[in-house]
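Participant: Pasting final-v9.txt here (compact mmCIF, C-alpha atoms):
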# COMPACT_ATOMS: atom_id res chain seq x y z
CA MET A 1 -21.54 46.91 -1.27
CA LYS A 2 -18.04 48.22 -0.57
CA LEU A 3 -14.91 46.72 -2.11
CA SER A 4 -11.84 46.84 0.10
CA PHE A 5 -8.75 47.03 -2.08
CA GLN A 6 -6.58 46.54 0.99
CA LYS A 7 -8.19 43.17 1.76
CA LEU A 8 -8.05 42.24 -1.91
CA PHE A 9 -4.33 43.04 -1.99
CA PHE A 10 -3.64 40.93 1.11
CA ILE A 11 -5.64 38.01 -0.32
CA LEU A 12 -3.75 38.09 -3.63
CA ALA A 13 -0.40 38.49 -1.85
CA PHE A 14 -1.21 35.54 0.39
CA MET A 15 -2.17 33.38 -2.61
CA PHE A 16 1.00 34.24 -4.56
CA GLY A 17 3.12 33.69 -1.45
CA LEU A 18 1.49 30.33 -0.80
CA ILE A 19 2.09 29.18 -4.39
CA ALA A 20 5.72 30.35 -4.20
CA VAL A 21 6.28 28.37 -1.01
CA MET A 22 4.65 25.30 -2.55
CA VAL A 23 6.91 25.54 -5.60
CA PHE A 24 10.21 26.15 -3.81
CA ALA A 25 9.53 23.72 -0.94
CA LYS A 26 7.94 20.94 -3.02
CA SER A 27 10.75 18.49 -2.23
CA ILE A 28 9.51 18.55 1.38
CA LEU A 29 5.82 19.32 0.92
CA ILE A 30 5.10 16.55 -1.61
CA PRO A 31 6.36 13.69 0.63
CA LEU A 32 4.68 15.33 3.63
CA SER A 33 1.36 15.58 1.77
CA MET A 34 1.57 11.99 0.57
CA ALA A 35 2.42 10.89 4.10
CA LEU A 36 -0.60 12.76 5.43
CA LEU A 37 -2.99 10.92 3.11
CA ILE A 38 -1.33 7.56 3.74
CA SER A 39 -1.51 8.09 7.51
CA PHE A 40 -5.26 8.75 7.18
CA ILE A 41 -5.89 5.32 5.65
CA LEU A 42 -3.42 3.51 7.96
CA LEU A 43 -4.83 5.08 11.12
CA PRO A 44 -7.62 2.46 11.57
CA VAL A 45 -5.02 -0.31 11.18
CA VAL A 46 -2.76 1.32 13.78
CA LYS A 47 -5.66 1.74 16.20
CA LYS A 48 -6.63 -1.92 15.73
CA LEU A 49 -3.08 -3.06 16.46
CA GLU A 50 -2.92 -0.80 19.53
CA SER A 51 -6.18 -2.33 20.79
CA TRP A 52 -4.41 -5.70 20.74
CA GLY A 53 -1.83 -4.39 23.22
CA LEU A 54 0.91 -3.09 20.90
CA ASN A 55 2.54 0.26 21.62
CA LYS A 56 2.41 3.16 19.14
CA LEU A 57 5.87 2.59 17.68
CA LEU A 58 5.33 -1.09 16.97
CA ALA A 59 1.79 -0.58 15.67
CA ALA A 60 2.92 2.15 13.24
CA PHE A 61 5.89 0.06 12.12
CA LEU A 62 3.77 -3.03 11.46
CA SER A 63 1.14 -1.07 9.53
CA LEU A 64 3.84 0.39 7.27
CA LEU A 65 5.47 -3.03 6.91
CA ILE A 66 2.17 -4.60 5.83
CA SER A 67 1.64 -1.86 3.24
CA PHE A 68 5.21 -2.26 1.98
CA LEU A 69 4.84 -6.04 1.63
CA ILE A 70 1.60 -5.61 -0.32
CA ILE A 71 3.32 -3.23 -2.75
CA ILE A 72 6.36 -5.49 -3.13
CA GLY A 73 4.05 -8.47 -3.71
CA GLY A 74 2.25 -6.62 -6.49
CA ILE A 75 5.54 -5.62 -8.15
CA THR A 76 6.85 -9.19 -7.88
CA LEU A 77 3.64 -10.54 -9.38
CA PHE A 78 4.06 -8.42 -12.51
CA SER A 79 7.89 -8.53 -12.68
CA ALA A 80 7.99 -11.46 -15.13
CA GLU A 81 5.60 -9.69 -17.50
CA ILE A 82 7.64 -6.47 -17.24
CA VAL A 83 10.83 -8.35 -18.18
CA SER A 84 9.02 -9.99 -21.11
CA LEU A 85 7.87 -6.61 -22.37
CA SER A 86 11.37 -5.14 -22.08
CA ASP A 87 12.67 -7.96 -24.30
CA GLN A 88 10.14 -6.98 -26.97
CA LEU A 89 11.14 -3.30 -26.86
CA ASN A 90 13.72 -3.60 -29.66
CA ASP A 91 11.18 -5.25 -31.96
CA PHE A 92 8.65 -2.53 -31.17
CA THR A 93 11.26 0.17 -31.85
CA GLY A 94 11.89 -1.30 -35.29
CA LYS A 95 8.17 -1.50 -36.05
CA ILE A 96 7.61 2.08 -34.92
CA MET A 97 10.49 3.36 -37.07
CA ASN A 98 9.21 1.46 -40.11
CA THR A 99 5.67 2.78 -39.58
CA LEU A 100 6.86 6.37 -39.19
CA SER A 101 9.13 6.04 -42.22
CA ASP A 102 6.29 4.72 -44.38
CA ALA A 103 4.08 7.60 -43.24
CA ILE A 104 6.77 10.23 -43.96
CA VAL A 105 7.54 8.74 -47.40
CA PHE A 106 3.82 8.66 -48.24
CA ILE A 107 3.32 12.30 -47.19
CA ASN A 108 6.46 13.38 -49.04
CA GLY A 109 5.28 11.56 -52.16
CA ASN A 110 2.10 13.63 -52.21
CA ILE A 111 3.50 16.97 -51.03
CA ASN A 112 7.15 16.59 -52.11
CA PHE A 113 8.75 18.81 -49.48
CA ILE A 114 12.05 16.84 -49.55
CA GLU A 115 13.64 15.66 -52.79
CA ASP A 116 15.06 12.13 -53.17
CA LEU A 117 13.75 10.91 -49.81
CA ASN A 118 14.89 7.31 -49.29
CA ARG A 119 12.98 5.05 -46.90
CA GLU A 120 15.98 2.90 -45.91
CA GLU A 121 18.13 5.94 -45.15
CA LEU A 122 15.30 7.39 -43.09
CA VAL A 123 15.03 4.20 -41.02
CA GLU A 124 18.79 4.11 -40.44
CA GLN A 125 18.84 7.76 -39.38
CA GLY A 126 16.01 7.07 -36.97
CA LYS A 127 17.88 4.13 -35.42
CA GLU A 128 21.03 6.23 -35.07
CA TRP A 129 19.02 8.98 -33.37
CA VAL A 130 17.59 6.43 -30.91
CA LYS A 131 21.09 5.14 -30.11
CA ALA A 132 22.46 8.67 -29.69
CA SER A 133 19.62 9.69 -27.35
CA SER A 134 19.74 6.48 -25.29
CA GLY A 135 22.61 7.80 -23.16
CA SER A 136 20.71 10.89 -22.04
CA LEU A 137 17.59 8.78 -21.62
CA ILE A 138 19.42 6.41 -19.26
CA GLN A 139 20.84 9.36 -17.35
CA ASN A 140 17.43 10.97 -16.98
CA THR A 141 15.92 7.63 -15.96
CA PHE A 142 18.57 7.14 -13.29
CA SER A 143 18.05 10.66 -11.97
CA SER A 144 14.25 10.23 -11.89
CA THR A 145 14.59 6.84 -10.16
CA ALA A 146 16.92 8.29 -7.52
CA SER A 147 14.50 11.16 -6.88
CA PHE A 148 11.59 8.74 -6.68
CA PHE A 149 13.25 6.51 -4.08
CA THR A 150 14.41 9.55 -2.09
CA GLY A 151 10.83 10.83 -2.00
CA LEU A 152 9.56 7.34 -1.15
CA VAL A 153 11.89 6.99 1.85
CA THR A 154 11.00 10.50 3.01
CA THR A 155 7.29 9.72 2.69
CA ILE A 156 7.66 6.55 4.75
CA ILE A 157 9.52 8.44 7.50
CA PHE A 158 6.91 11.23 7.56
CA THR A 159 4.07 8.68 7.66
CA PHE A 160 5.66 6.88 10.61
CA LEU A 161 6.15 10.15 12.51
CA LEU A 162 2.59 11.34 11.81
CA LEU A 163 1.17 8.04 13.10
CA ILE A 164 3.12 8.00 16.36
CA TYR A 165 2.69 11.73 17.09
CA ARG A 166 -0.93 12.02 15.94
CA GLU A 167 -2.37 12.72 19.40
CA GLY A 168 0.17 15.42 20.19
CA LEU A 169 -0.34 17.07 16.80
CA THR A 170 -4.12 17.00 17.27
CA LYS A 171 -3.84 18.60 20.72
CA ALA A 172 -1.50 21.26 19.32
CA PHE A 173 -3.94 22.22 16.56
CA VAL A 174 -6.88 22.24 18.98
CA ALA A 175 -4.90 24.50 21.35
CA PHE A 176 -4.88 27.25 18.71
CA GLY A 177 -8.57 27.90 19.39
CA ASP A 178 -10.20 29.32 22.46
CA ASN A 179 -12.27 27.22 24.86
CA GLN A 180 -15.46 27.77 22.89
CA ASN A 181 -13.95 26.62 19.57
CA LYS A 182 -11.82 23.68 20.71
CA LEU A 183 -14.60 21.18 20.05
CA THR A 184 -15.24 22.71 16.62
CA ILE A 185 -11.56 22.45 15.66
CA PHE A 186 -11.41 18.86 16.86
CA ARG A 187 -14.51 18.00 14.80
CA MET A 188 -12.98 19.70 11.78
CA LEU A 189 -9.78 17.64 12.09
CA LYS A 190 -11.83 14.44 12.38
CA ASN A 191 -13.78 15.39 9.26
CA ILE A 192 -10.56 16.09 7.35
CA GLN A 193 -9.22 12.68 8.37
CA SER A 194 -12.50 11.05 7.35
CA VAL A 195 -12.41 12.68 3.90
CA GLY A 196 -8.82 11.55 3.29
CA LYS A 197 -9.54 8.00 4.46
CA LYS A 198 -12.71 7.66 2.38
CA TYR A 199 -10.95 9.04 -0.70
CA LEU A 200 -7.99 6.65 -0.49
CA SER A 201 -10.09 3.60 0.40
CA GLY A 202 -12.49 4.49 -2.43
CA MET A 203 -9.64 4.87 -4.92
CA PHE A 204 -8.16 1.54 -3.80
CA LEU A 205 -11.50 -0.23 -4.31
CA LEU A 206 -11.95 1.49 -7.68
CA ILE A 207 -8.46 0.41 -8.81
CA ILE A 208 -9.23 -3.22 -7.89
CA ILE A 209 -12.55 -3.18 -9.79
CA LEU A 210 -11.12 -1.44 -12.86
CA GLY A 211 -7.98 -3.60 -12.81
CA PHE A 212 -9.91 -6.85 -12.97
CA ALA A 213 -12.41 -5.47 -15.51
CA ASN A 214 -9.61 -4.25 -17.81
CA SER A 215 -7.58 -7.44 -17.38
CA ILE A 216 -10.46 -9.81 -18.10
CA GLY A 217 -11.42 -7.81 -21.18
CA LEU A 218 -7.83 -7.77 -22.51
CA TRP A 219 -7.52 -11.51 -21.80
CA ILE A 220 -10.68 -12.22 -23.82
CA ILE A 221 -9.39 -10.12 -26.72
CA GLY A 222 -6.08 -11.99 -26.63
CA ILE A 223 -3.57 -9.34 -25.51
CA ASP A 224 -0.35 -10.58 -23.93
CA SER A 225 0.19 -9.64 -20.26
CA PRO A 226 -3.46 -8.61 -19.77
CA PHE A 227 -3.21 -8.17 -15.99
CA LEU A 228 -0.16 -5.90 -16.32
CA PHE A 229 -1.87 -3.57 -18.79
CA GLY A 230 -5.21 -3.82 -17.00
CA PHE A 231 -3.92 -2.82 -13.58
CA LEU A 232 -1.52 -0.25 -15.05
CA ALA A 233 -4.49 1.53 -16.64
CA ALA A 234 -6.41 1.24 -13.36
CA ILE A 235 -3.54 2.76 -11.34
CA LEU A 236 -3.15 5.61 -13.83
CA SER A 237 -6.84 6.43 -13.33
CA ILE A 238 -5.77 8.02 -10.02
CA VAL A 239 -4.86 11.06 -12.12
CA PRO A 240 -8.25 12.49 -13.17
CA PHE A 241 -9.05 12.82 -16.89
CA ILE A 242 -5.46 12.51 -18.18
CA GLY A 243 -4.58 9.26 -16.41
CA THR A 244 -7.50 7.33 -17.89
CA THR A 245 -6.52 8.46 -21.40
CA ILE A 246 -2.88 7.46 -20.97
CA GLY A 247 -3.89 4.16 -19.37
CA ALA A 248 -6.02 3.30 -22.42
CA THR A 249 -3.46 4.51 -24.97
CA ILE A 250 -0.66 2.20 -23.78
CA PRO A 251 -2.48 -1.13 -24.39
CA VAL A 252 -3.94 0.21 -27.67
CA LEU A 253 -0.43 0.99 -28.96
CA TYR A 254 0.82 -2.38 -27.73
CA ALA A 255 -2.04 -4.15 -29.53
CA PHE A 256 -1.31 -2.16 -32.70
CA MET A 257 2.40 -3.05 -32.64
CA SER A 258 2.08 -6.69 -31.56
CA SER A 259 -0.88 -7.76 -33.71
CA ASP A 260 -1.19 -8.06 -37.48
CA SER A 261 -4.95 -7.68 -37.34
CA LEU A 262 -6.54 -4.24 -37.13
CA TRP A 263 -9.57 -5.45 -35.17
CA VAL A 264 -7.43 -6.17 -32.08
CA PRO A 265 -6.45 -2.52 -31.30
CA VAL A 266 -9.98 -1.45 -32.30
CA ALA A 267 -11.42 -4.00 -29.85
CA VAL A 268 -9.08 -2.69 -27.11
CA MET A 269 -10.24 0.88 -27.81
CA ILE A 270 -13.90 -0.17 -27.57
CA LEU A 271 -13.20 -2.10 -24.35
CA PHE A 272 -11.60 0.86 -22.58
CA TRP A 273 -14.26 3.24 -23.89
CA VAL A 274 -17.02 1.08 -22.41
CA ILE A 275 -15.21 0.60 -19.09
CA GLN A 276 -14.35 4.29 -18.76
CA THR A 277 -17.95 5.24 -19.54
CA ILE A 278 -19.19 2.96 -16.77
CA GLU A 279 -16.46 4.19 -14.42
CA SER A 280 -17.15 7.88 -15.05
CA ASN A 281 -20.94 7.69 -14.81
CA PHE A 282 -21.53 4.99 -12.20
CA LEU A 283 -18.48 3.66 -10.33
CA ASN A 284 -16.50 6.84 -9.62
CA PRO A 285 -19.47 8.95 -8.43
CA LYS A 286 -20.67 6.15 -6.13
CA ILE A 287 -17.32 4.97 -4.76
CA VAL A 288 -15.04 8.04 -4.78
CA GLY A 289 -17.27 10.99 -5.61
CA SER A 290 -19.43 10.60 -2.52
CA SER A 291 -16.38 11.00 -0.28
CA LEU A 292 -15.06 14.10 -2.07
CA ASN A 293 -18.27 16.06 -2.79
CA VAL A 294 -16.32 18.38 -5.13
CA ASN A 295 -17.93 19.75 -8.29
CA ALA A 296 -16.42 19.20 -11.74
CA LEU A 297 -15.21 22.79 -12.14
CA VAL A 298 -13.15 22.66 -8.95
CA ALA A 299 -11.87 19.18 -9.89
CA ILE A 300 -10.55 20.46 -13.23
CA LEU A 301 -9.02 23.54 -11.62
CA SER A 302 -7.37 21.34 -8.98
CA LEU A 303 -5.94 19.17 -11.74
CA LEU A 304 -4.53 22.13 -13.69
CA ILE A 305 -3.16 24.00 -10.66
CA GLY A 306 -1.69 20.81 -9.20
CA ALA A 307 0.03 19.96 -12.49
CA SER A 308 1.54 23.45 -12.77
CA VAL A 309 2.75 23.51 -9.14
CA TRP A 310 3.77 19.93 -8.32
CA GLY A 311 3.52 18.05 -11.61
CA VAL A 312 2.04 14.55 -11.51
CA ALA A 313 2.05 14.51 -7.69
CA GLY A 314 -0.02 17.69 -7.68
CA MET A 315 -2.54 16.16 -10.08
CA VAL A 316 -3.06 13.33 -7.59
CA LEU A 317 -2.97 15.35 -4.35
CA PHE A 318 -4.80 18.58 -5.09
CA LEU A 319 -8.22 16.97 -5.63
CA PRO A 320 -8.50 15.45 -2.11
CA PHE A 321 -6.96 18.64 -0.73
CA ALA A 322 -9.79 20.61 -2.35
CA ALA A 323 -12.27 18.39 -0.50
CA MET A 324 -10.37 18.99 2.76
CA LEU A 325 -10.40 22.73 2.10
CA LYS A 326 -14.18 22.49 1.78
CA VAL A 327 -14.37 20.86 5.24
CA ILE A 328 -12.25 23.66 6.73
CA CYS A 329 -14.28 26.42 5.08
CA GLU A 330 -17.55 24.94 6.37
CA GLU A 331 -16.45 25.60 9.96
CA PHE A 332 -15.99 29.37 9.49
CA ASP A 333 -18.85 31.71 8.71
CA GLN A 334 -16.68 33.99 6.58
CA LEU A 335 -15.46 31.05 4.45
CA LYS A 336 -18.77 29.23 3.95
CA PRO A 337 -19.30 30.80 0.49
CA ILE A 338 -16.00 29.19 -0.58
CA ALA A 339 -17.25 25.83 0.71
CA MET A 340 -20.42 26.31 -1.33
CA LEU A 341 -18.36 27.03 -4.47
CA ILE A 342 -16.25 23.90 -3.94
CA GLY A 343 -19.14 21.59 -3.07
CA ASN A 344 -20.95 19.36 -5.49
CA ASP A 345 -24.34 20.71 -4.37
CA ILE A 346 -23.64 24.14 -5.82
CA SER A 347 -26.88 23.94 -7.81
CA GLY A 348 -28.75 24.08 -4.52
CA ASP A 349 -30.78 20.89 -5.16
CA ASP A 350 -31.54 19.22 -1.84
CA ASN A 351 -33.85 16.29 -1.35
CA GLU A 352 -34.59 16.95 2.28
CA LYS A 353 -37.32 19.51 2.82
CA HIS A 354 -36.19 20.87 6.13
CA LYS A 355 -32.65 21.38 4.87
CA THR A 356 -33.97 23.30 1.89
CA SER A 357 -36.06 25.59 4.09
CA LYS A 358 -33.09 26.06 6.41
CA TRP A 359 -30.85 27.13 3.55
CA THR A 360 -33.63 29.37 2.20
CA GLU A 361 -33.91 31.19 5.50
CA LYS A 362 -30.17 31.51 5.73
CA MET A 363 -29.91 32.92 2.20
CA LYS A 364 -32.73 35.37 3.00
CA GLY A 365 -30.74 36.54 5.97
CA TRP A 366 -27.62 37.01 3.85
CA LEU A 367 -29.51 38.88 1.13
CA LYS A 368 -31.60 40.83 3.69
CA LEU A 369 -34.87 39.75 2.14
CA LYS A 370 -36.69 39.02 5.41
With the file now loaded, output its structure as structure tokens.

Facilitator:
Amino acid sequence: MKLSFQKLFFILAFMFGLIAVMVFAKSILIPLSMALLISFILLPVVKKLESWGLNKLLAAFLSLLISFLIIIGGITLFSAEIVSLSDQLNDFTGKIMNTLSDAIVFINGNINFIEDLNREELVEQGKEWVKASSGSLIQNTFSSTASFFTGLVTTIIFTFLLLIYREGLTKAFVAFGDNQNKLTIFRMLKNIQSVGKKYLSGMFLLIIILGFANSIGLWIIGIDSPFLFGFLAAILSIVPFIGTTIGATIPVLYAFMSSDSLWVPVAVMILFWVIQTIESNFLNPKIVGSSLNVNALVAILSLLIGASVWGVAGMVLFLPFAAMLKVICEEFDQLKPIAMLIGNDISGDDNEKHKTSKWTEKMKGWLKLK
């Protein structure tokens, strides 16, 4: 086996160059990537509207308008609960400062690292620090909100353009191949679209199931605004591993601050532990996992790389992109080992006998064991 350092250098240079482009051009690539996934799930709606006699422009516009109205309806539904929670924020701030002050005074009483530590002075200093930092917090919030709406508008525009120019873009990509490979490229593009559509539709169904399960459980326990916290935790589950933890932590902290009884936050913790166990072992593999077919190692790497390159958006986008990369690699003989590394069937377990024998013969050919 010969190792080509020239090829290795070009591969590493390409990878570093690709990451650099993704970092410096993320203001364009993130909305474009989001638009690509959204267009995958809206494509059946657009085709249905076009079958009713609408032209491409009107069909794409109506599909986006329906999606926008659904999102606005969801925000309006929870707006009253959001306002109610914002009114309780001052009370929660006072409770948090008192709890932290009691903890610091208790630790200082046992370790005595600060002399003459006064609890009331500590609480007042904490409140002054919150007031002093509120200005920068508001400024950062305004900046983040402006960036979010700018990205949202850009994503909507990109989605609209992708939907109306989809046939021309498909023909352009197919034209890159020769006559023998045009059908293969077209099939690859259809498979990529299928993976994106199945992933988004699966995530939407999973959010609905988890949202109602969380909300009903919180309502039985007696938490205020159960549907807000329930669906917030379900939406945060889009981010693998980290999102589910954050989604469970928020209602637990709310239960701890709003209830005088300790069993309430404990019951919320048990509720989310049970639901997340069911989601991780049964719901996610059946609903979302079947559409991705990505093993856990690649999923974790996608999460870490996406977070380092694009932040939260990368944590959401890089996992379905890994599944799409697997589809692309499966169409090229030189890249099939990469597809095998990404796939969930890396252990080689296959239930179908003829497929197993086929892979065995192929592996024998690769290893020259015939």

Participant: Do you know which residues lie at most 12 Å from (-12.7, 18.6, -11.1), with coordinates as in the file and all atoms listed in the file counted, and could you write them as a ChimeraX atom specification?

Facilitator: /A:239-242,289,292-306,315-316,318-323,342-344

Participant: What gap, in Å, lies between atom CA of Leu58 of chain A and atom CA of Val174 of chain A?

Facilitator: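 Taking atom CA of Leu58 of chain A and atom CA of Val174 of chain A, their separation equals 26.4 Å.
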
Participant: Just to confirm, what's the straight-line distance from atom CA of Ala35 of chain A to atom CA of Ile156 of chain A in Å (one decimal)?

Facilitator: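 Those two atoms sit 6.8 Å apart.
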
Participant: Record the distance separating atom CA of Leu317 of chain A and atom CA of Leu236 of chain A, expressed in Å with one decimal.

Facilitator: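 Between atom CA of Leu317 of chain A and atom CA of Leu236 of chain A the gap works out to 13.6 Å.
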
Participant: Val264 of chain A: which residues within 9 Å, counting only C-alpha atoms, same-chain residues fewer than 2 positions away excluded, as a JSON list (two decimals) with C-alpha atoms, in the coordinates of the input?

Facilitator:
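Done, and the output landed in around-v7.json:
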[["chain", "number", "residue", "atom", "x", "y", "z"],
["A", 221, "ILE", "CA", -9.39, -10.12, -26.72],
["A", 222, "GLY", "CA", -6.08, -11.99, -26.63],
["A", 223, "ILE", "CA", -3.57, -9.34, -25.51],
["A", 252, "VAL", "CA", -3.94, 0.21, -27.67],
["A", 255, "ALA", "CA", -2.04, -4.15, -29.53],
["A", 256, "PHE", "CA", -1.31, -2.16, -32.70],
["A", 259, "SER", "CA", -0.88, -7.76, -33.71],
["A", 260, "ASP", "CA", -1.19, -8.06, -37.48],
["A", 261, "SER", "CA", -4.95, -7.68, -37.34],
["A", 262, "LEU", "CA", -6.54, -4.24, -37.13],
["A", 266, "VAL", "CA", -9.98, -1.45, -32.30],
["A", 267, "ALA", "CA", -11.42, -4.00, -29.85],
["A", 268, "VAL", "CA", -9.08, -2.69, -27.11],
["A", 269, "MET", "CA", -10.24, 0.88, -27.81]]

Participant: Quick one: residues within 12 Å of Lys26 of chain A, all atoms listed in the file, excluding same-chain residues fewer than 5 positions away - as a VMD selection string?

Facilitator: chain A and resid 18 to 21 31 to 34 151 306 308 to 311 313 to 314

Participant: Smallest atom-to-atom distance to Tyr199 of chain A: which of A:Leu77, A:Ala175, A:Leu341, A:Ile41, using only C-alpha atoms?

Facilitator: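 That would be A:Ile41, the residue with the smallest distance to Tyr199 of chain A.
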
Participant: Of the candidates A:Leu69, A:Ala248, A:Leu200, A:Ala234, which one gets nearest to Trp273 of chain A if we count all atoms listed in the file?

Facilitator: A:Ala248

Participant: Neighbouring residues of Ser39 of chain A were defined as those with any atom within 7 Å, considering all atoms listed in the file; residues of the same chain fewer than 4 positions away were excluded. Please report them as a list in words.

Facilitator: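 Answer for this query is Ala35, Leu43, Thr159, Leu162 and Leu163 of chain A.
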
Participant: Missing atoms in segment 332-344 of chain A: fill them in up to N, CA, C and O atoms and send the result as a CSV table (one decimal), keeping the file's coordinate frame.

Facilitator:
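Result file selection-v6.csv:
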chain,number,residue,atom,x,y,z
A,332,PHE,N,-16.1,27.9,9.3
A,332,PHE,CA,-16.0,29.4,9.5
A,332,PHE,C,-17.1,30.1,8.7
A,332,PHE,O,-17.2,29.9,7.5
A,333,ASP,N,-17.8,31.0,9.4
A,333,ASP,CA,-18.8,31.7,8.7
A,333,ASP,C,-18.4,32.5,7.5
A,333,ASP,O,-19.0,32.6,6.5
A,334,GLN,N,-17.2,33.2,7.7
A,334,GLN,CA,-16.7,34.0,6.6
A,334,GLN,C,-16.3,33.2,5.4
A,334,GLN,O,-16.2,33.7,4.2
A,335,LEU,N,-16.0,31.9,5.6
A,335,LEU,CA,-15.5,31.0,4.4
A,335,LEU,C,-16.5,30.1,3.9
A,335,LEU,O,-16.2,29.3,3.0
A,336,LYS,N,-17.7,30.1,4.4
A,336,LYS,CA,-18.8,29.2,4.0
A,336,LYS,C,-19.1,29.4,2.5
A,336,LYS,O,-19.4,28.5,1.8
A,337,PRO,N,-19.1,30.7,1.9
A,337,PRO,CA,-19.3,30.8,0.5
A,337,PRO,C,-18.3,30.0,-0.3
A,337,PRO,O,-18.6,29.5,-1.4
A,338,ILE,N,-17.0,30.0,0.1
A,338,ILE,CA,-16.0,29.2,-0.6
A,338,ILE,C,-16.3,27.7,-0.5
A,338,ILE,O,-16.2,27.0,-1.5
A,339,ALA,N,-16.8,27.2,0.6
A,339,ALA,CA,-17.2,25.8,0.7
A,339,ALA,C,-18.4,25.5,-0.2
A,339,ALA,O,-18.5,24.5,-0.8
A,340,MET,N,-19.3,26.5,-0.4
A,340,MET,CA,-20.4,26.3,-1.3
A,340,MET,C,-19.9,26.3,-2.8
A,340,MET,O,-20.4,25.5,-3.6
A,341,LEU,N,-18.9,27.0,-3.1
A,341,LEU,CA,-18.4,27.0,-4.5
A,341,LEU,C,-17.6,25.7,-4.8
A,341,LEU,O,-17.7,25.2,-5.9
A,342,ILE,N,-17.0,25.2,-3.7
A,342,ILE,CA,-16.2,23.9,-3.9
A,342,ILE,C,-17.2,22.7,-4.0
A,342,ILE,O,-17.0,21.8,-4.8
A,343,GLY,N,-18.3,22.7,-3.2
A,343,GLY,CA,-19.1,21.6,-3.1
A,343,GLY,C,-19.9,21.2,-4.3
A,343,GLY,O,-20.0,22.0,-5.3
A,344,ASN,N,-20.3,19.9,-4.3
A,344,ASN,CA,-21.0,19.4,-5.5
A,344,ASN,C,-22.4,19.7,-5.5
A,344,ASN,O,-23.1,19.5,-6.6
